[in-house]
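Listing of model_18.pdb, PDB, C-alpha atoms
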ATOM      1  CA  MET K   1       0.000   0.000   0.000
ATOM      2  CA  GLN K   2       1.220   3.456  -0.831
ATOM      3  CA  GLU K   3       0.423   6.920   0.399
ATOM      4  CA  ILE K   4      -0.882   9.994  -1.373
ATOM      5  CA  ALA K   5       1.577  12.895  -1.458
ATOM      6  CA  VAL K   6       0.714  16.555  -1.898
ATOM      7  CA  ILE K   7       3.061  19.386  -2.899
ATOM      8  CA  GLY K   8       2.014  23.018  -3.015
ATOM      9  CA  SER K   9       1.281  26.180  -1.132
ATOM     10  CA  PRO K  10       0.269  25.935   2.566
ATOM     11  CA  GLU K  11      -3.371  26.666   1.562
ATOM     12  CA  PHE K  12      -3.323  23.901  -1.042
ATOM     13  CA  VAL K  13      -1.800  21.356   1.311
ATOM     14  CA  LEU K  14      -3.970  22.090   4.381
ATOM     15  CA  GLY K  15      -7.178  20.581   2.986
ATOM     16  CA  PHE K  16      -5.434  17.314   2.213
ATOM     17  CA  ARG K  17      -3.909  17.218   5.681
ATOM     18  CA  LEU K  18      -7.450  17.419   7.054
ATOM     19  CA  VAL K  19      -8.330  14.101   5.400
ATOM     20  CA  GLY K  20      -5.237  12.440   6.818
ATOM     21  CA  VAL K  21      -2.674  12.857   4.039
ATOM     22  CA  ARG K  22       0.692  12.877   5.800
ATOM     23  CA  ALA K  23       3.182  13.060   2.939
ATOM     24  CA  THR K  24       2.863  16.779   2.273
ATOM     25  CA  ARG K  25       5.482  19.354   1.324
ATOM     26  CA  GLU K  26       4.809  23.067   1.471
ATOM     27  CA  ALA K  27       6.526  24.826  -1.413
ATOM     28  CA  THR K  28       5.798  28.003  -3.324
ATOM     29  CA  GLU K  29       9.030  28.884  -5.160
ATOM     30  CA  PRO K  30       9.885  27.001  -8.391
ATOM     31  CA  ARG K  31      13.158  25.763  -6.876
ATOM     32  CA  GLN K  32      11.392  24.419  -3.754
ATOM     33  CA  LEU K  33       8.692  22.829  -5.905
ATOM     34  CA  ALA K  34      11.303  21.120  -8.078
ATOM     35  CA  GLU K  35      13.192  19.858  -5.010
ATOM     36  CA  ALA K  36      10.024  18.524  -3.399
ATOM     37  CA  ALA K  37       8.853  16.845  -6.625
ATOM     38  CA  THR K  38      12.281  15.249  -7.161
ATOM     39  CA  ALA K  39      12.250  13.948  -3.580
ATOM     40  CA  MET K  40       8.752  12.471  -4.040
ATOM     41  CA  LEU K  41       9.762  10.837  -7.337
ATOM     42  CA  GLY K  42      12.420   8.861  -5.543
ATOM     43  CA  ARG K  43      10.050   7.476  -2.920
ATOM     44  CA  SER K  44       8.586   4.048  -3.522
ATOM     45  CA  ASP K  45       5.976   4.464  -0.762
ATOM     46  CA  ILE K  46       4.174   7.217  -2.700
ATOM     47  CA  GLY K  47       1.428   6.058  -5.062
ATOM     48  CA  ILE K  48      -0.128   9.335  -6.158
ATOM     49  CA  LEU K  49       1.447  12.776  -6.242
ATOM     50  CA  VAL K  50      -1.018  15.690  -6.204
ATOM     51  CA  MET K  51       0.023  19.142  -7.360
ATOM     52  CA  ASP K  52      -1.638  22.359  -8.364
ATOM     53  CA  GLN K  53      -1.739  22.808 -12.150
ATOM     54  CA  GLU K  54       0.029  26.167 -11.921
ATOM     55  CA  ASP K  55       2.781  24.789  -9.696
ATOM     56  CA  TYR K  56       3.224  21.837 -12.047
ATOM     57  CA  GLY K  57       3.589  24.273 -14.943
ATOM     58  CA  ARG K  58       6.413  26.029 -13.108
ATOM     59  CA  LEU K  59       8.544  22.878 -12.852
ATOM     60  CA  PRO K  60      11.497  22.414 -15.216
ATOM     61  CA  GLU K  61      10.596  20.651 -18.479
ATOM     62  CA  ASP K  62      12.749  17.567 -17.800
ATOM     63  CA  LEU K  63      11.156  17.062 -14.382
ATOM     64  CA  ARG K  64       7.680  17.414 -15.888
ATOM     65  CA  THR K  65       8.573  14.779 -18.469
ATOM     66  CA  GLN K  66       9.820  12.503 -15.682
ATOM     67  CA  LEU K  67       6.608  13.024 -13.692
ATOM     68  CA  ARG K  68       4.439  12.424 -16.771
ATOM     69  CA  GLY K  69       6.156   9.121 -17.401
ATOM     70  CA  SER K  70       6.131   7.939 -13.800
ATOM     71  CA  ILE K  71       3.680   5.275 -12.613
ATOM     72  CA  ARG K  72       4.758   5.149  -8.958
ATOM     73  CA  PRO K  73       3.995   7.904  -8.121
ATOM     74  CA  THR K  74       1.327   8.782 -10.653
ATOM     75  CA  LEU K  75       0.928  12.524 -10.978
ATOM     76  CA  VAL K  76      -2.450  14.255 -10.773
ATOM     77  CA  ALA K  77      -2.425  18.004 -11.387
ATOM     78  CA  ILE K  78      -5.589  19.767 -10.282
ATOM     79  CA  GLY K  79      -6.777  23.333 -10.705
ATOM     80  CA  LEU K  80      -9.734  25.654 -10.581
ATOM     81  CA  THR K  81     -10.117  25.443 -14.358
ATOM     82  CA  GLU K  82      -9.815  22.543 -16.792
ATOM     83  CA  ASP K  83      -6.313  21.914 -18.038
ATOM     84  CA  SER K  84      -5.914  22.678 -21.732
ATOM     85  CA  ALA K  85      -2.707  20.620 -22.025
ATOM     86  CA  LEU K  86      -4.633  17.349 -22.300
ATOM     87  CA  ARG K  87      -6.865  18.820 -24.978
ATOM     88  CA  GLU K  88      -3.795  19.957 -26.930
ATOM     89  CA  GLN K  89      -2.224  16.517 -26.538
ATOM     90  CA  ILE K  90      -5.371  14.903 -27.976
ATOM     91  CA  LYS K  91      -5.376  17.338 -30.898
ATOM     92  CA  GLN K  92      -1.734  16.601 -31.609
ATOM     93  CA  ALA K  93      -2.046  12.814 -31.363
ATOM     94  CA  VAL K  94      -5.382  12.288 -33.107
ATOM     95  CA  GLY K  95      -5.496  15.367 -35.317
ATOM     96  CA  VAL K  96      -9.041  16.219 -34.215
ATOM     97  CA  ASP K  97     -10.300  18.086 -31.151
ATOM     98  CA  LEU K  98     -12.166  15.217 -29.500
ATOM     99  CA  TRP K  99     -12.381  17.061 -26.190
ATOM    100  CA  LYS K 100     -14.945  19.627 -27.314
ATOM    101  CA  ASP K 101     -18.545  18.998 -26.237
ATOM    102  CA  ASN K 102     -20.787  17.667 -28.959
TER     103      ASN K 102
ATOM    104  CA  MET F   1      21.781   5.946 -54.556
ATOM    105  CA  ALA F   2      25.545   6.379 -54.490
ATOM    106  CA  ASP F   3      26.035   3.905 -51.625
ATOM    107  CA  ILE F   4      23.854   1.153 -53.118
ATOM    108  CA  VAL F   5      25.795  -1.779 -54.500
ATOM    109  CA  PRO F   6      23.901  -3.167 -57.507
ATOM    110  CA  THR F   7      24.350  -6.864 -56.883
ATOM    111  CA  ARG F   8      21.966  -9.817 -56.779
ATOM    112  CA  SER F   9      22.511 -10.232 -53.034
ATOM    113  CA  ALA F  10      21.742  -6.527 -52.450
ATOM    114  CA  LEU F  11      18.543  -6.960 -54.477
ATOM    115  CA  ILE F  12      17.467  -9.961 -52.400
ATOM    116  CA  ASP F  13      18.332  -8.083 -49.210
ATOM    117  CA  THR F  14      16.358  -4.981 -50.295
ATOM    118  CA  LYS F  15      13.335  -7.086 -51.281
ATOM    119  CA  ARG F  16      13.467  -8.755 -47.866
ATOM    120  CA  LYS F  17      13.627  -5.357 -46.151
ATOM    121  CA  ILE F  18      10.632  -4.114 -48.177
ATOM    122  CA  LYS F  19       8.598  -7.125 -47.164
ATOM    123  CA  LEU F  20       9.572  -6.673 -43.517
ATOM    124  CA  SER F  21       8.745  -2.951 -43.611
ATOM    125  CA  GLN F  22       5.374  -3.631 -45.218
ATOM    126  CA  THR F  23       4.547  -6.207 -42.546
ATOM    127  CA  GLY F  24       5.664  -3.791 -39.817
ATOM    128  CA  HIS F  25       3.601  -1.019 -41.398
ATOM    129  CA  LYS F  26       0.507  -3.200 -41.435
ATOM    130  CA  LEU F  27       1.001  -4.272 -37.808
ATOM    131  CA  LEU F  28       1.650  -0.731 -36.612
ATOM    132  CA  LYS F  29      -1.471   0.483 -38.385
ATOM    133  CA  MET F  30      -3.441  -2.230 -36.613
ATOM    134  CA  LYS F  31      -1.862  -1.215 -33.299
ATOM    135  CA  ARG F  32      -2.701   2.457 -33.942
ATOM    136  CA  ASP F  33      -6.329   1.550 -34.703
ATOM    137  CA  GLY F  34      -6.514  -0.573 -31.552
ATOM    138  CA  LEU F  35      -5.123   2.250 -29.444
ATOM    139  CA  MET F  36      -7.601   4.667 -31.017
ATOM    140  CA  TYR F  37     -10.421   2.310 -30.074
ATOM    141  CA  GLU F  38      -9.184   2.260 -26.464
ATOM    142  CA  LEU F  39      -8.928   6.048 -26.545
ATOM    143  CA  PHE F  40     -12.507   6.468 -27.719
ATOM    144  CA  GLU F  41     -13.648   4.153 -24.921
ATOM    145  CA  LEU F  42     -11.728   6.082 -22.291
ATOM    146  CA  LEU F  43     -12.227   9.681 -23.381
ATOM    147  CA  PRO F  44     -15.821  10.237 -22.121
ATOM    148  CA  LYS F  45     -14.858   8.833 -18.703
ATOM    149  CA  VAL F  46     -11.818  11.112 -18.434
ATOM    150  CA  LYS F  47     -13.876  14.123 -19.524
ATOM    151  CA  ASP F  48     -16.380  13.401 -16.752
ATOM    152  CA  ILE F  49     -13.660  12.869 -14.169
ATOM    153  CA  ARG F  50     -11.890  16.093 -15.179
ATOM    154  CA  LYS F  51     -15.138  18.040 -14.809
ATOM    155  CA  ASN F  52     -15.841  16.400 -11.437
ATOM    156  CA  LEU F  53     -12.293  17.114 -10.292
ATOM    157  CA  VAL F  54     -12.621  20.823 -11.078
ATOM    158  CA  THR F  55     -16.081  20.985  -9.447
ATOM    159  CA  HIS F  56     -14.954  19.172  -6.301
ATOM    160  CA  TYR F  57     -11.760  21.206  -6.065
ATOM    161  CA  ASN F  58     -13.676  24.491  -6.387
ATOM    162  CA  SER F  59     -16.224  23.339  -3.820
ATOM    163  CA  ALA F  60     -13.518  22.135  -1.396
ATOM    164  CA  GLN F  61     -11.582  25.395  -1.705
ATOM    165  CA  GLY F  62     -14.763  27.401  -1.110
ATOM    166  CA  LYS F  63     -15.652  25.379   1.964
ATOM    167  CA  MET F  64     -12.099  25.682   3.258
ATOM    168  CA  ALA F  65     -12.300  29.469   2.953
ATOM    169  CA  VAL F  66     -15.533  29.500   4.975
ATOM    170  CA  ALA F  67     -14.086  27.143   7.604
ATOM    171  CA  GLN F  68     -10.929  29.255   7.910
ATOM    172  CA  ALA F  69     -13.050  32.368   8.376
ATOM    173  CA  ILE F  70     -15.060  30.706  11.161
ATOM    174  CA  GLU F  71     -12.521  28.451  12.878
ATOM    175  CA  GLY F  72      -9.262  30.211  12.061
ATOM    176  CA  ARG F  73      -6.268  28.785  10.251
ATOM    177  CA  ILE F  74      -4.411  27.697  13.392
ATOM    178  CA  ASN F  75      -7.409  25.756  14.625
ATOM    179  CA  ILE F  76      -7.814  23.936  11.294
ATOM    180  CA  LYS F  77      -4.113  23.086  11.330
ATOM    181  CA  SER F  78      -4.421  21.583  14.790
ATOM    182  CA  ILE F  79      -7.499  19.579  13.692
ATOM    183  CA  ALA F  80      -5.455  18.263  10.751
ATOM    184  CA  HIS F  81      -2.914  16.891  13.236
ATOM    185  CA  THR F  82      -5.576  14.756  14.931
ATOM    186  CA  GLN F  83      -6.205  12.643  11.839
ATOM    187  CA  GLN F  84      -4.969   9.119  12.447
ATOM    188  CA  LEU F  85      -6.327   7.179   9.493
ATOM    189  CA  VAL F  86      -4.124   7.834   6.477
ATOM    190  CA  PRO F  87      -5.767   7.319   3.071
ATOM    191  CA  THR F  88      -3.748   4.813   1.089
ATOM    192  CA  VAL F  89      -3.703   3.639  -2.483
ATOM    193  CA  LYS F  90      -2.574   0.521  -4.242
ATOM    194  CA  VAL F  91      -0.874   1.381  -7.498
ATOM    195  CA  GLY F  92      -0.384  -1.563  -9.789
ATOM    196  CA  GLU F  93       0.427  -1.824 -13.474
ATOM    197  CA  LYS F  94      -1.590  -3.157 -16.372
ATOM    198  CA  ASN F  95      -0.840  -3.499 -20.025
ATOM    199  CA  ILE F  96      -2.987  -2.109 -22.833
ATOM    200  CA  MET F  97      -1.558  -3.151 -26.220
ATOM    201  CA  GLY F  98       1.989  -2.895 -24.936
ATOM    202  CA  VAL F  99       1.401   0.364 -23.060
ATOM    203  CA  VAL F 100       2.071   0.083 -19.338
ATOM    204  CA  VAL F 101      -0.592   2.043 -17.434
ATOM    205  CA  PRO F 102      -1.359   2.367 -13.732
ATOM    206  CA  SER F 103      -4.219   0.612 -12.000
ATOM    207  CA  VAL F 104      -5.145   2.450  -8.799
ATOM    208  CA  THR F 105      -7.408   1.476  -5.919
ATOM    209  CA  GLY F 106      -7.927   3.573  -2.811
ATOM    210  CA  GLU F 107      -8.460   2.669   0.825
ATOM    211  CA  ALA F 108      -9.577   4.567   3.933
ATOM    212  CA  VAL F 109     -10.556   7.635   1.926
ATOM    213  CA  ARG F 110     -14.123   8.116   3.160
ATOM    214  CA  LYS F 111     -14.329   8.018   6.924
ATOM    215  CA  THR F 112     -17.142   8.152   9.422
ATOM    216  CA  LEU F 113     -17.329  11.017  11.922
ATOM    217  CA  THR F 114     -15.848   8.859  14.653
ATOM    218  CA  GLU F 115     -12.982   7.687  12.459
ATOM    219  CA  ARG F 116     -11.924  11.231  11.669
ATOM    220  CA  GLY F 117     -10.093  11.650  14.942
ATOM    221  CA  TYR F 118     -11.238  15.121  15.980
ATOM    222  CA  GLY F 119     -13.953  15.744  18.559
ATOM    223  CA  ILE F 120     -17.430  16.386  17.234
ATOM    224  CA  ILE F 121     -18.390  18.738  20.040
ATOM    225  CA  GLY F 122     -15.372  21.015  19.842
ATOM    226  CA  THR F 123     -15.592  21.696  16.101
ATOM    227  CA  SER F 124     -18.077  23.418  13.839
ATOM    228  CA  PRO F 125     -20.101  21.725  11.065
ATOM    229  CA  GLN F 126     -17.996  23.703   8.579
ATOM    230  CA  ILE F 127     -15.013  21.498   9.427
ATOM    231  CA  ASP F 128     -17.104  18.407   8.656
ATOM    232  CA  ASP F 129     -18.101  20.012   5.344
ATOM    233  CA  VAL F 130     -14.468  20.718   4.434
ATOM    234  CA  VAL F 131     -13.373  17.202   5.348
ATOM    235  CA  ASP F 132     -16.305  15.770   3.370
ATOM    236  CA  SER F 133     -15.391  17.840   0.312
ATOM    237  CA  PHE F 134     -11.725  16.939   0.473
ATOM    238  CA  GLU F 135     -12.553  13.256   0.921
ATOM    239  CA  MET F 136     -14.674  13.430  -2.229
ATOM    240  CA  LEU F 137     -11.848  15.275  -3.977
ATOM    241  CA  VAL F 138      -9.338  12.589  -2.979
ATOM    242  CA  GLU F 139     -11.732   9.930  -4.304
ATOM    243  CA  GLU F 140     -11.870  11.754  -7.636
ATOM    244  CA  ILE F 141      -8.078  12.140  -7.619
ATOM    245  CA  ILE F 142      -7.691   8.370  -7.200
ATOM    246  CA  LYS F 143     -10.028   7.775 -10.170
ATOM    247  CA  ALA F 144      -8.237  10.451 -12.216
ATOM    248  CA  ALA F 145      -4.826   8.987 -11.367
ATOM    249  CA  GLU F 146      -5.754   5.794 -13.181
ATOM    250  CA  LEU F 147      -7.877   7.047 -16.066
ATOM    251  CA  GLU F 148      -6.119  10.302 -16.891
ATOM    252  CA  THR F 149      -2.671   8.747 -16.790
ATOM    253  CA  THR F 150      -3.927   5.887 -18.962
ATOM    254  CA  LEU F 151      -5.310   8.398 -21.463
ATOM    255  CA  LYS F 152      -2.046  10.363 -21.515
ATOM    256  CA  ARG F 153      -0.028   7.192 -22.032
ATOM    257  CA  LEU F 154      -2.352   6.078 -24.833
ATOM    258  CA  LEU F 155      -2.037   9.475 -26.511
ATOM    259  CA  GLU F 156       1.761   9.337 -26.313
ATOM    260  CA  GLU F 157       1.734   5.839 -27.795
ATOM    261  CA  ILE F 158      -0.727   6.829 -30.549
ATOM    262  CA  ASP F 159       1.503   9.769 -31.444
ATOM    263  CA  LYS F 160       4.592   7.549 -31.485
ATOM    264  CA  THR F 161       2.860   4.831 -33.534
ATOM    265  CA  LYS F 162       1.466   7.412 -35.966
ATOM    266  CA  ARG F 163       4.966   8.807 -36.543
ATOM    267  CA  ARG F 164       6.313   5.289 -37.138
ATOM    268  CA  VAL F 165       3.480   4.443 -39.547
ATOM    269  CA  ASN F 166       4.057   7.679 -41.463
ATOM    270  CA  ALA F 167       7.825   7.194 -41.523
ATOM    271  CA  LEU F 168       7.405   3.687 -42.930
ATOM    272  CA  GLU F 169       4.708   4.720 -45.402
ATOM    273  CA  PHE F 170       6.261   7.905 -46.732
ATOM    274  CA  LYS F 171      10.002   7.461 -46.204
ATOM    275  CA  VAL F 172      11.310   3.959 -45.477
ATOM    276  CA  ILE F 173       9.210   1.899 -47.936
ATOM    277  CA  PRO F 174       9.458   4.403 -50.859
ATOM    278  CA  ASP F 175      13.240   4.673 -50.319
ATOM    279  CA  LEU F 176      13.624   0.892 -50.274
ATOM    280  CA  GLU F 177      11.453   0.557 -53.393
ATOM    281  CA  ALA F 178      13.554   3.191 -55.149
ATOM    282  CA  ALA F 179      16.706   1.283 -54.155
ATOM    283  CA  ARG F 180      15.196  -1.983 -55.450
ATOM    284  CA  ASP F 181      14.269  -0.317 -58.774
ATOM    285  CA  TYR F 182      17.744   1.174 -59.066
ATOM    286  CA  ILE F 183      19.400  -2.194 -58.420
ATOM    287  CA  LEU F 184      17.087  -3.886 -60.947
ATOM    288  CA  LEU F 185      17.889  -1.217 -63.545
ATOM    289  CA  ARG F 186      21.632  -1.464 -62.964
ATOM    290  CA  LEU F 187      21.528  -5.277 -63.054
ATOM    291  CA  GLU F 188      19.611  -5.223 -66.365
ATOM    292  CA  GLU F 189      22.088  -2.692 -67.715
ATOM    293  CA  MET F 190      25.018  -4.851 -66.603
ATOM    294  CA  GLU F 191      23.375  -7.898 -68.197
ATOM    295  CA  ARG F 192      22.931  -6.033 -71.482
ATOM    296  CA  GLU F 193      26.555  -4.846 -71.321
ATOM    297  CA  SER F 194      27.764  -8.392 -70.693
ATOM    298  CA  ILE F 195      25.643  -9.805 -73.588
ATOM    299  CA  PHE F 196      26.957  -7.062 -75.854
ATOM    300  CA  GLY F 197      30.539  -7.809 -74.766
ATOM    301  CA  LEU F 198      30.068 -11.540 -75.364
ATOM    302  CA  LYS F 199      28.611 -10.867 -78.794
ATOM    303  CA  LYS F 200      31.615  -8.683 -79.643
ATOM    304  CA  ILE F 201      34.042 -11.388 -78.493
ATOM    305  CA  LYS F 202      32.121 -13.989 -80.484
ATOM    306  CA  GLU F 203      32.158 -11.751 -83.556
ATOM    307  CA  LYS F 204      35.886 -11.132 -83.145
ATOM    308  CA  ALA F 205      36.560 -14.863 -82.782
ATOM    309  CA  ARG F 206      34.414 -15.634 -85.807
ATOM    310  CA  ARG F 207      36.216 -12.978 -87.866
ATOM    311  CA  ARG F 208      39.608 -14.276 -86.762
ATOM    312  CA  ALA F 209      38.638 -17.833 -87.637
ATOM    313  CA  LYS F 210      37.454 -16.657 -91.044
ATOM    314  CA  GLU F 211      40.703 -14.780 -91.632
ATOM    315  CA  GLU F 212      42.738 -17.785 -90.598
ATOM    316  CA  ALA F 213      40.709 -20.043 -92.886
ATOM    317  CA  ALA F 214      41.219 -17.593 -95.750
ATOM    318  CA  ALA F 215      44.952 -17.444 -95.027
ATOM    319  CA  ARG F 216      45.116 -21.221 -94.949
ATOM    320  CA  ALA F 217      43.217 -21.427 -98.222
ATOM    321  CA  ALA F 218      45.601 -18.916 -99.835
ATOM    322  CA  ALA F 219      48.663 -20.738 -98.558
ATOM    323  CA  LEU F 220      47.530 -24.180 -99.927
ATOM    324  CA  PRO F 221      47.922 -23.549-103.751
ATOM    325  CA  GLU F 222      51.323 -21.936-103.181
ATOM    326  CA  ALA F 223      52.496 -25.019-101.293
ATOM    327  CA  GLU F 224      51.108 -27.288-103.988
ATOM    328  CA  ALA F 225      52.994 -25.256-106.631
ATOM    329  CA  ALA F 226      56.223 -25.489-104.697
ATOM    330  CA  VAL F 227      56.094 -29.301-104.648
ATOM    331  CA  PRO F 228      57.620 -30.625-107.986
ATOM    332  CA  ALA F 229      55.453 -32.951-110.052
ATOM    333  CA  ARG F 230      56.761 -36.550-110.411
TER     334      ARG F 230
END

Please render this file's structure as structure tokens.
Amino acid sequence: MQEIAVIGSPEFVLGFRLVGVRATREATEPRQLAEAATAMLGRSDIGILVMDQEDYGRLPEDLRTQLRGSIRPTLVAIGLTEDSALREQIKQAVGVDLWKDN
Amino acid sequence: MADIVPTRSALIDTKRKIKLSQTGHKLLKMKRDGLMYELFELLPKVKDIRKNLVTHYNSAQGKMAVAQAIEGRINIKSIAHTQQLVPTVKVGEKNIMGVVVPSVTGEAVRKTLTERGYGIIGTSPQIDDVVDSFEMLVEEIIKAAELETTLKRLLEEIDKTKRRVNALEFKVIPDLEAARDYILLRLEEMERESIFGLKKIKEKARRRAKEEAAARAAALPEAEAAVPAR
């Protein structure tokens, strides 16, 4: 069994701590975020890594690629709006915007 | 074309490569179609989960703001420390047409009031609301972790397979076919040259034989004349 890890601002992390998530790292600066994400990537006891979409976007490209390809932990980036990156990825791979509502 | 050696063995080798490339092309196209099918199956689910994730996150953040206004940040932090039951997940791996994707199941995410660890009397209902919302959010995150990552992996693989199919269809196979045609042309040319050369040698030999026969025929009466009659 693995834990859920959360990286982000103190406000972002607090809600997850309320439901019992223990593996949290408070980070706001890009350097701190990158350090925290790198540390979480190396941990085998972490199953899911949760980050804010904006914070994830501020990580270096190589680290984002590493996180995208990782299964343990699997990254989930959440935000107040829907992420357009997935939509763009679909457009690029399939050639059609399948995300739009019919 | 400069580095192609026009030999029979090179022709056989090129034909073999064409056949292999065509088989690979066909298989990759089938793989791409299979992945597309999986994608179409998965996409509506991911769209729903993404929408739910945004809704739950917005709701949880809103409720957290209210709870912080009523209870105060310090108080919420101290309540967070009382939580004993840690939500866990089991992340496995599964294979979809050669693509390794995660399979995630969660445990101890939704808790009863008594399992939450903090006292019911000392806290406001807003705290319960926040915890409820975040529990729902974590549930959605667990679902998203599996489905969204699977979708992303499938998209990456579709993109990769599409590039390979296109490279084989528009570059590798046409280049190999051009090489095969070039070798065939050169071999035919060499065959014609060799037939022409053989014909020339044959002609030369025939002419020489004719000349020698003529010389022998000319030399015979002279020899007969030189021999005295008895």

Enumerate, as an mmCIF file with C-alpha atoms, in the coordinates of the input, the residues matched when the PyMOL selection byres ((chain F and resi 153) around 8) is run on the file above.
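The resulting file, expr-v2.cif, is reproduced below:
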data_model
loop_
_atom_site.group_PDB
_atom_site.id
_atom_site.type_symbol
_atom_site.label_atom_id
_atom_site.label_comp_id
_atom_site.auth_asym_id
_atom_site.auth_seq_id
_atom_site.Cartn_x
_atom_site.Cartn_y
_atom_site.Cartn_z
ATOM 1 C CA GLY K 69 6.156 9.121 -17.401
ATOM 2 C CA VAL F 99 1.401 0.364 -23.060
ATOM 3 C CA VAL F 100 2.071 0.083 -19.338
ATOM 4 C CA VAL F 101 -0.592 2.043 -17.434
ATOM 5 C CA THR F 149 -2.671 8.747 -16.790
ATOM 6 C CA THR F 150 -3.927 5.887 -18.962
ATOM 7 C CA LEU F 151 -5.310 8.398 -21.463
ATOM 8 C CA LYS F 152 -2.046 10.363 -21.515
ATOM 9 C CA LEU F 154 -2.352 6.078 -24.833
ATOM 10 C CA LEU F 155 -2.037 9.475 -26.511
ATOM 11 C CA GLU F 156 1.761 9.337 -26.313
ATOM 12 C CA GLU F 157 1.734 5.839 -27.795
#

Quick one: contact table of chain K to stretch 118-137 of chain F, 7 Å max, nearest atom pair and distance in Å to one decimal per residue, counting all atoms listed in the file, chain and number order, as CSV?
residue,atom,partner,partner_atom,distance
K:Gly15,CA,F:Phe134,CA,6.3
K:Phe16,CA,F:Phe134,CA,6.5
K:Leu18,CA,F:Val131,CA,6.2
K:Val19,CA,F:Val131,CA,5.9

### Message
as number ranges by chain, please: the residues near stretch 13-18 of chain F (cut-off 10 Å, only C-alpha atoms, same-chain neighbours under 2 positions excluded).
### Response
F: 7-11, 20-24, 168, 172-181, 183

Given only C-alpha atoms as the counted atoms, nearest of F:Val66, F:Ala80, F:Leu43, F:Met36 to chain K: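 Smallest distance to chain K is found for F:Ala80.
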
(message) Which residues would end up in the selection if the PyMOL selection byres ((chain F) within 8 of (chain K)) were applied here, given that I need the answer as a ChimeraX atom specification?
(response) /F:43,47,50-51,53-55,57-58,60,64,76-77,79-81,83-91,93,101-102,109,116,130-131,134-135,141-142,144-145,149,152-153,155-156,158-159,162

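Take atom CA of K:Pro10 and atom CA of F:Ile70: the distance between them is 18.2 Å.
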
ask   = Separation of atom CA of K:Thr24 and atom CA of K:Leu41, in Å?
value =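 Computing it gives 13.2 Å between the two atoms.
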
Translate the PyMOL selection byres ((chain K and resi 56) around 10), as applied to the file shown, into an explicit residue set as a short mmCIF file (atom, residue, chain, number, x, y, z; two decimals) with C-alpha atoms, keeping the file's coordinate frame.
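Dumped everything to expr-v6.cif:
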data_model
loop_
_atom_site.label_atom_id
_atom_site.label_comp_id
_atom_site.auth_asym_id
_atom_site.auth_seq_id
_atom_site.Cartn_x
_atom_site.Cartn_y
_atom_site.Cartn_z
CA ILE K 7 3.06 19.39 -2.90
CA GLY K 8 2.01 23.02 -3.02
CA PRO K 30 9.88 27.00 -8.39
CA LEU K 33 8.69 22.83 -5.90
CA ALA K 34 11.30 21.12 -8.08
CA ALA K 37 8.85 16.84 -6.62
CA VAL K 50 -1.02 15.69 -6.20
CA MET K 51 0.02 19.14 -7.36
CA ASP K 52 -1.64 22.36 -8.36
CA GLN K 53 -1.74 22.81 -12.15
CA GLU K 54 0.03 26.17 -11.92
CA ASP K 55 2.78 24.79 -9.70
CA GLY K 57 3.59 24.27 -14.94
CA ARG K 58 6.41 26.03 -13.11
CA LEU K 59 8.54 22.88 -12.85
CA PRO K 60 11.50 22.41 -15.22
CA GLU K 61 10.60 20.65 -18.48
CA LEU K 63 11.16 17.06 -14.38
CA ARG K 64 7.68 17.41 -15.89
CA LEU K 67 6.61 13.02 -13.69
CA LEU K 75 0.93 12.52 -10.98
CA VAL K 76 -2.45 14.26 -10.77
CA ALA K 77 -2.42 18.00 -11.39
CA ILE K 78 -5.59 19.77 -10.28
#
